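In what follows, a single structure is set out as structure tokens and then discussed.
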Amino acid sequence: MKPTFFCFLLLFLSLLLAGCRSVPLTGRKQLMLTTSEYENSLGLKAYTEYKAKYKPSTNAEYNKALARCGKAIAKFTGDTGFDWQFTVLETDIENAFCLPGGKVAVYSGIMKQMHNEAELAFVVGHEIGHAIARHGGERMSWGYLQSLGGVLVAIGLQSDLANDLYGMGTNFGVMLPFSRSNEAEADYIGLCLMSYAGYDPRAAVDFWTRFSKDSQSSLLGNLMSTHPCDADRIEAMSKSLPMALKLYEKASTKRGLGIVFSHGKK
Ligand SMILES: [Zn+2]
């Protein structure tokens with residue numbers, strides 16, 4: 001065995017052993033080779049760019065609902081060290097996100113599709129779920145490991161074919177199904193967070209059921225492209241609903257559906 005190969009193999013195995021973290025609320029063990037500080041700095045940079053690209057919304061109803069549910073949900077996220085910010089940005093794009101560090105944006109395009117604040121609480125809870133589970137950092141970590149594994153294969157076998165096969169194997173076997181499990185985890189965290197905050201979790205299932213039916217159309221096309229939704233996902237959420245309802249029953253402040261949006265109609 002070549003010394004270089006051996007060193008890389010040791011590094012590969014020690015990274016696998018050392019870089020492990022538990023996801024809040026689900027307890028899943030995840031690979032984590034990046035730092036929160038690094039991810040949060042990327043989050044802040046991206047947030048600044050989005051806020052320069054789109055104007056803040058002047059819709060008082062949307063701003064009030066996001067400020068209220070954002071604050072209520074953030075209280076139950078544990079010790080993240082995040083400096084939370086919540087903004088409604090004015091654009092017809094139907095999407096929302098929470099960047100590492102707690103920078104949340106909801107586009108007015110998706111607000112227009114929501115019936116009430118509880119649906120918003122689920123969307124915000126889901127996005128916050130991705131951030132506190134550090135799905136971005138986990139994805140980067142797998143990327144590092146994949147690159148290092150590629151170097152190992154190339155040194156060990158000195159064959160381009162072996163390297164190509166390795167790339168295909170990791171892409172199909174590890175990298176792709178990953179985002180589906182991330183979505184399911186963010187849904188679970190979102191359901192828990194909205195329920196702890198006192199929003200009726202049945203609104204979450206209503207919201208996705210309503211829009212998954214229309215996923216082939218342009219309605220919520222952007223949200224679907226970054227957060228693919230299918231029948232399995234709705235089924236998983238329906239199964240988690242009794243657990244979420246128990247949390248909702250115990251919530252000290254009951255908000256129900258919260259503000260029912262008029263969307264400017266009297
Ligand atoms: Zn998602």
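Identifiers for the structure tokens are assigned positionally: chains receive A, B, ... in sequence, residues are indexed from 1 per chain, and ligands are indexed from 1 in the order shown.
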
Closest pair table for range 32-108 of chain A residues within 12 Å of range 194-198 of chain A, only C-alpha atoms, as a tab-separated table:
residue	atom	partner	partner_atom	distance
A:Arg68	CA	A:Ala197	CA	10.3
A:Cys69	CA	A:Ala197	CA	7.8
A:Gly70	CA	A:Ala197	CA	9.5
A:Lys71	CA	A:Ala197	CA	9.2
A:Ala72	CA	A:Ala197	CA	5.4
A:Ile73	CA	A:Ala197	CA	5.4
A:Ala74	CA	A:Ala197	CA	8.8
A:Lys75	CA	A:Ala197	CA	8.0
A:Phe76	CA	A:Tyr196	CA	6.9
A:Thr77	CA	A:Tyr196	CA	9.9

Output file for the selection above: N, CA, C and O atoms, as a short mmCIF file (atom, residue, chain, number, x, y, z; two decimals), in the first residue's frame:
data_model
loop_
_atom_site.label_atom_id
_atom_site.label_comp_id
_atom_site.auth_asym_id
_atom_site.auth_seq_id
_atom_site.Cartn_x
_atom_site.Cartn_y
_atom_site.Cartn_z
N ARG A 68 -44.95 37.94 13.76
CA ARG A 68 -45.57 37.22 14.87
C ARG A 68 -45.19 35.74 14.89
O ARG A 68 -44.72 35.22 15.90
N CYS A 69 -45.36 35.06 13.75
CA CYS A 69 -45.11 33.62 13.78
C CYS A 69 -43.61 33.33 13.81
O CYS A 69 -43.18 32.35 14.41
N GLY A 70 -42.81 34.21 13.21
CA GLY A 70 -41.35 34.02 13.25
C GLY A 70 -40.84 34.05 14.68
O GLY A 70 -40.11 33.16 15.11
N LYS A 71 -41.29 35.07 15.42
CA LYS A 71 -40.86 35.23 16.82
C LYS A 71 -41.34 34.04 17.66
O LYS A 71 -40.59 33.49 18.48
N ALA A 72 -42.60 33.64 17.43
CA ALA A 72 -43.19 32.54 18.22
C ALA A 72 -42.43 31.23 17.97
O ALA A 72 -42.18 30.46 18.90
N ILE A 73 -42.06 30.97 16.72
CA ILE A 73 -41.39 29.71 16.37
C ILE A 73 -39.93 29.72 16.83
O ILE A 73 -39.44 28.72 17.37
N ALA A 74 -39.25 30.84 16.62
CA ALA A 74 -37.81 30.92 16.95
C ALA A 74 -37.57 30.58 18.43
O ALA A 74 -36.53 30.02 18.78
N LYS A 75 -38.56 30.89 19.27
CA LYS A 75 -38.46 30.62 20.72
C LYS A 75 -38.24 29.13 21.01
O LYS A 75 -37.71 28.77 22.05
N PHE A 76 -38.69 28.27 20.09
CA PHE A 76 -38.63 26.82 20.35
C PHE A 76 -37.52 26.12 19.58
O PHE A 76 -37.53 24.89 19.44
N THR A 77 -36.56 26.90 19.07
CA THR A 77 -35.51 26.27 18.24
C THR A 77 -34.27 25.88 19.05
O THR A 77 -33.32 25.35 18.48
#

Near-Ala204 in chain A list (10 Å; only C-alpha atoms; drop same-chain fewer than 3 positions) as a count of residues only | 22

I'd like the contact shell of Thr87 in chain A - 12 Å cut-off, only C-alpha atoms, skipping same-chain residues fewer than 2 positions apart - returned as a compact mmCIF listing (two decimals) with N, CA and C atoms, in the first residue's frame.
# COMPACT_ATOMS: atom_id res chain seq x y z
N TYR A 47 -28.17 36.55 2.23
CA TYR A 47 -29.35 37.32 2.68
C TYR A 47 -29.22 38.79 2.25
N THR A 48 -28.02 39.33 2.42
CA THR A 48 -27.76 40.72 2.02
C THR A 48 -28.01 40.88 0.52
N TYR A 50 -30.05 39.00 -1.40
CA TYR A 50 -31.48 38.89 -1.68
C TYR A 50 -32.20 40.19 -1.31
N LYS A 51 -31.79 40.79 -0.19
CA LYS A 51 -32.46 42.02 0.26
C LYS A 51 -32.13 43.21 -0.64
N TYR A 54 -34.56 42.41 -3.96
CA TYR A 54 -36.00 42.62 -3.85
C TYR A 54 -36.31 43.63 -2.74
N LYS A 55 -37.39 44.40 -2.97
CA LYS A 55 -37.81 45.39 -1.96
C LYS A 55 -38.57 44.69 -0.83
N PRO A 56 -38.52 45.24 0.40
CA PRO A 56 -39.36 44.67 1.45
C PRO A 56 -40.83 44.94 1.13
N SER A 57 -41.71 44.00 1.46
CA SER A 57 -43.13 44.16 1.18
C SER A 57 -43.72 45.26 2.06
N THR A 58 -44.71 46.00 1.52
CA THR A 58 -45.39 47.02 2.32
C THR A 58 -46.75 46.50 2.81
N ASN A 59 -47.04 45.21 2.54
CA ASN A 59 -48.32 44.64 2.95
C ASN A 59 -48.32 44.42 4.47
N ALA A 60 -49.12 45.23 5.18
CA ALA A 60 -49.11 45.22 6.65
C ALA A 60 -49.53 43.86 7.21
N TYR A 62 -49.19 40.81 5.82
CA TYR A 62 -48.12 39.82 5.65
C TYR A 62 -46.98 40.08 6.64
N ASN A 63 -46.60 41.35 6.77
CA ASN A 63 -45.48 41.69 7.67
C ASN A 63 -45.81 41.35 9.12
N LYS A 64 -47.06 41.66 9.50
CA LYS A 64 -47.48 41.39 10.88
C LYS A 64 -47.48 39.88 11.15
N ALA A 65 -48.02 39.11 10.20
CA ALA A 65 -48.11 37.65 10.38
C ALA A 65 -46.71 37.03 10.44
N LEU A 66 -45.80 37.46 9.59
CA LEU A 66 -44.46 36.87 9.60
C LEU A 66 -43.70 37.24 10.87
N ALA A 67 -43.82 38.50 11.29
CA ALA A 67 -43.12 38.94 12.51
C ALA A 67 -43.62 38.13 13.71
N ARG A 68 -44.95 37.94 13.76
CA ARG A 68 -45.57 37.22 14.87
C ARG A 68 -45.19 35.74 14.89
N CYS A 69 -45.36 35.06 13.75
CA CYS A 69 -45.11 33.62 13.78
C CYS A 69 -43.61 33.33 13.81
N GLY A 70 -42.81 34.21 13.21
CA GLY A 70 -41.35 34.02 13.25
C GLY A 70 -40.84 34.05 14.68
N LYS A 71 -41.29 35.07 15.42
CA LYS A 71 -40.86 35.23 16.82
C LYS A 71 -41.34 34.04 17.66
N TRP A 84 -31.82 35.99 14.58
CA TRP A 84 -32.99 35.82 13.70
C TRP A 84 -33.41 37.11 13.00
N GLN A 85 -33.76 36.99 11.74
CA GLN A 85 -34.35 38.11 10.99
C GLN A 85 -35.43 37.55 10.08
N LEU A 89 -40.37 39.69 1.24
CA LEU A 89 -39.79 40.39 0.09
C LEU A 89 -40.80 40.43 -1.05
N GLU A 90 -40.85 41.58 -1.73
CA GLU A 90 -41.87 41.82 -2.76
C GLU A 90 -41.44 41.23 -4.11
N ALA A 96 -39.80 30.56 -0.32
CA ALA A 96 -39.41 31.03 1.01
C ALA A 96 -38.13 30.31 1.38
N PHE A 97 -37.34 30.89 2.27
CA PHE A 97 -36.12 30.20 2.71
C PHE A 97 -35.68 30.70 4.08
N CYS A 98 -34.88 29.86 4.74
CA CYS A 98 -34.18 30.29 5.96
C CYS A 98 -32.72 29.94 5.73
N GLY A 102 -30.18 31.96 10.67
CA GLY A 102 -31.53 32.40 11.01
C GLY A 102 -32.05 33.57 10.19
N LYS A 103 -31.62 33.65 8.93
CA LYS A 103 -32.09 34.74 8.06
C LYS A 103 -33.24 34.21 7.19
N VAL A 104 -34.46 34.63 7.57
CA VAL A 104 -35.66 34.09 6.92
C VAL A 104 -36.24 35.10 5.94
N ALA A 105 -36.61 34.64 4.76
CA ALA A 105 -37.33 35.49 3.80
C ALA A 105 -38.51 34.70 3.25
N VAL A 106 -39.66 35.36 3.17
CA VAL A 106 -40.83 34.78 2.52
C VAL A 106 -41.22 35.74 1.42
N TYR A 107 -41.37 35.24 0.20
CA TYR A 107 -41.74 36.10 -0.92
C TYR A 107 -43.24 36.37 -0.90
N SER A 108 -43.63 37.59 -1.30
CA SER A 108 -45.06 37.92 -1.31
C SER A 108 -45.81 36.98 -2.27
N MET A 111 -46.97 34.19 -0.20
CA MET A 111 -47.93 34.67 0.82
C MET A 111 -49.33 34.73 0.21
N VAL A 124 -42.62 28.55 7.36
CA VAL A 124 -41.48 29.12 8.08
C VAL A 124 -40.81 28.04 8.95

Report as a list in words: the residues of range 68-195 of chain A with a DSSP assignment of strand (DSSP E or B), based on the backbone of this structure.
-> Gln85, Phe86, Thr87, Val88, Leu89, Glu90, Ala96, Phe97, Cys98, Leu99, Lys103, Val104, Ala105, Val106, Tyr107 and Asn116 of chain A

Those same residues, written as a PDB file, in the first residue's frame with N, CA, C and O atoms?
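Writing done, so here's selection.pdb:
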ATOM      1  N   GLN A  85     -33.757  36.992  11.736  1.00  0.00           N
ATOM      2  CA  GLN A  85     -34.348  38.110  10.987  1.00  0.00           C
ATOM      3  C   GLN A  85     -35.427  37.547  10.078  1.00  0.00           C
ATOM      4  O   GLN A  85     -35.209  36.490   9.458  1.00  0.00           O
ATOM      5  N   PHE A  86     -36.563  38.220  10.010  1.00  0.00           N
ATOM      6  CA  PHE A  86     -37.695  37.765   9.192  1.00  0.00           C
ATOM      7  C   PHE A  86     -38.124  38.902   8.267  1.00  0.00           C
ATOM      8  O   PHE A  86     -38.412  39.999   8.751  1.00  0.00           O
ATOM      9  N   THR A  87     -38.155  38.633   6.972  1.00  0.00           N
ATOM     10  CA  THR A  87     -38.523  39.676   6.008  1.00  0.00           C
ATOM     11  C   THR A  87     -39.472  39.123   4.947  1.00  0.00           C
ATOM     12  O   THR A  87     -39.225  38.037   4.418  1.00  0.00           O
ATOM     13  N   VAL A  88     -40.524  39.886   4.632  1.00  0.00           N
ATOM     14  CA  VAL A  88     -41.343  39.560   3.453  1.00  0.00           C
ATOM     15  C   VAL A  88     -40.763  40.369   2.306  1.00  0.00           C
ATOM     16  O   VAL A  88     -40.631  41.595   2.411  1.00  0.00           O
ATOM     17  N   LEU A  89     -40.366  39.691   1.243  1.00  0.00           N
ATOM     18  CA  LEU A  89     -39.789  40.392   0.090  1.00  0.00           C
ATOM     19  C   LEU A  89     -40.799  40.427  -1.049  1.00  0.00           C
ATOM     20  O   LEU A  89     -41.523  39.454  -1.294  1.00  0.00           O
ATOM     21  N   GLU A  90     -40.852  41.576  -1.728  1.00  0.00           N
ATOM     22  CA  GLU A  90     -41.870  41.816  -2.756  1.00  0.00           C
ATOM     23  C   GLU A  90     -41.437  41.226  -4.108  1.00  0.00           C
ATOM     24  O   GLU A  90     -40.567  41.774  -4.779  1.00  0.00           O
ATOM     25  N   ALA A  96     -39.798  30.562  -0.324  1.00  0.00           N
ATOM     26  CA  ALA A  96     -39.412  31.032   1.012  1.00  0.00           C
ATOM     27  C   ALA A  96     -38.129  30.312   1.375  1.00  0.00           C
ATOM     28  O   ALA A  96     -37.851  29.247   0.839  1.00  0.00           O
ATOM     29  N   PHE A  97     -37.338  30.894   2.272  1.00  0.00           N
ATOM     30  CA  PHE A  97     -36.115  30.199   2.714  1.00  0.00           C
ATOM     31  C   PHE A  97     -35.679  30.696   4.082  1.00  0.00           C
ATOM     32  O   PHE A  97     -36.069  31.775   4.523  1.00  0.00           O
ATOM     33  N   CYS A  98     -34.883  29.856   4.743  1.00  0.00           N
ATOM     34  CA  CYS A  98     -34.180  30.292   5.957  1.00  0.00           C
ATOM     35  C   CYS A  98     -32.720  29.939   5.734  1.00  0.00           C
ATOM     36  O   CYS A  98     -32.383  28.764   5.572  1.00  0.00           O
ATOM     37  N   LEU A  99     -31.880  30.957   5.688  1.00  0.00           N
ATOM     38  CA  LEU A  99     -30.454  30.735   5.460  1.00  0.00           C
ATOM     39  C   LEU A  99     -29.766  30.437   6.795  1.00  0.00           C
ATOM     40  O   LEU A  99     -30.278  30.820   7.854  1.00  0.00           O
ATOM     41  N   LYS A 103     -31.620  33.654   8.933  1.00  0.00           N
ATOM     42  CA  LYS A 103     -32.093  34.736   8.059  1.00  0.00           C
ATOM     43  C   LYS A 103     -33.239  34.212   7.191  1.00  0.00           C
ATOM     44  O   LYS A 103     -33.014  33.457   6.240  1.00  0.00           O
ATOM     45  N   VAL A 104     -34.460  34.631   7.569  1.00  0.00           N
ATOM     46  CA  VAL A 104     -35.658  34.085   6.919  1.00  0.00           C
ATOM     47  C   VAL A 104     -36.242  35.100   5.942  1.00  0.00           C
ATOM     48  O   VAL A 104     -36.362  36.283   6.272  1.00  0.00           O
ATOM     49  N   ALA A 105     -36.605  34.639   4.758  1.00  0.00           N
ATOM     50  CA  ALA A 105     -37.333  35.489   3.802  1.00  0.00           C
ATOM     51  C   ALA A 105     -38.510  34.705   3.246  1.00  0.00           C
ATOM     52  O   ALA A 105     -38.386  33.517   2.936  1.00  0.00           O
ATOM     53  N   VAL A 106     -39.657  35.360   3.167  1.00  0.00           N
ATOM     54  CA  VAL A 106     -40.830  34.778   2.520  1.00  0.00           C
ATOM     55  C   VAL A 106     -41.222  35.744   1.417  1.00  0.00           C
ATOM     56  O   VAL A 106     -41.341  36.947   1.650  1.00  0.00           O
ATOM     57  N   TYR A 107     -41.371  35.237   0.202  1.00  0.00           N
ATOM     58  CA  TYR A 107     -41.741  36.104  -0.921  1.00  0.00           C
ATOM     59  C   TYR A 107     -43.245  36.374  -0.898  1.00  0.00           C
ATOM     60  O   TYR A 107     -44.037  35.475  -0.538  1.00  0.00           O
ATOM     61  N   ASN A 116     -53.917  31.426   5.692  1.00  0.00           N
ATOM     62  CA  ASN A 116     -53.832  31.949   7.069  1.00  0.00           C
ATOM     63  C   ASN A 116     -52.404  31.867   7.619  1.00  0.00           C
ATOM     64  O   ASN A 116     -51.516  31.275   7.003  1.00  0.00           O
TER      65      ASN A 116
END

Could you tell me how far CA of Thr26 in chain A lies from CA of Gly129 in chain A, in Å and to one decimal?
->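 One can read the CA of Thr26 in chain A to CA of Gly129 in chain A distance as 10.4 Å.
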
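Across the structure, CA of Glu61 in chain A and CA of Thr253 in chain A are spaced 20.7 Å apart.
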
So, counting only C-alpha atoms and all ligand atoms, which residue among A:His135, A:Lys246, A:Lys265, A:Lys254 is closest to ligand 1?
-> A:His135

Shortest interatomic distance to ligand 1 - which of A:Ile128, A:Ile259, A:Ala231, A:Met140, counting only C-alpha atoms and all ligand atoms |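 Checking each of A:Ile128, A:Ile259, A:Ala231, A:Met140 against ligand 1, counting only C-alpha atoms and all ligand atoms, the winner is A:Ile128.
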
Picked from range 21-237 of chain A by DSSP as alpha helix (DSSP H), as a PyMOL selection string = chain A and resi 36-53+60-74+108-111+117-132+135-157+160-170+176-196+202-212+221-226+231-237
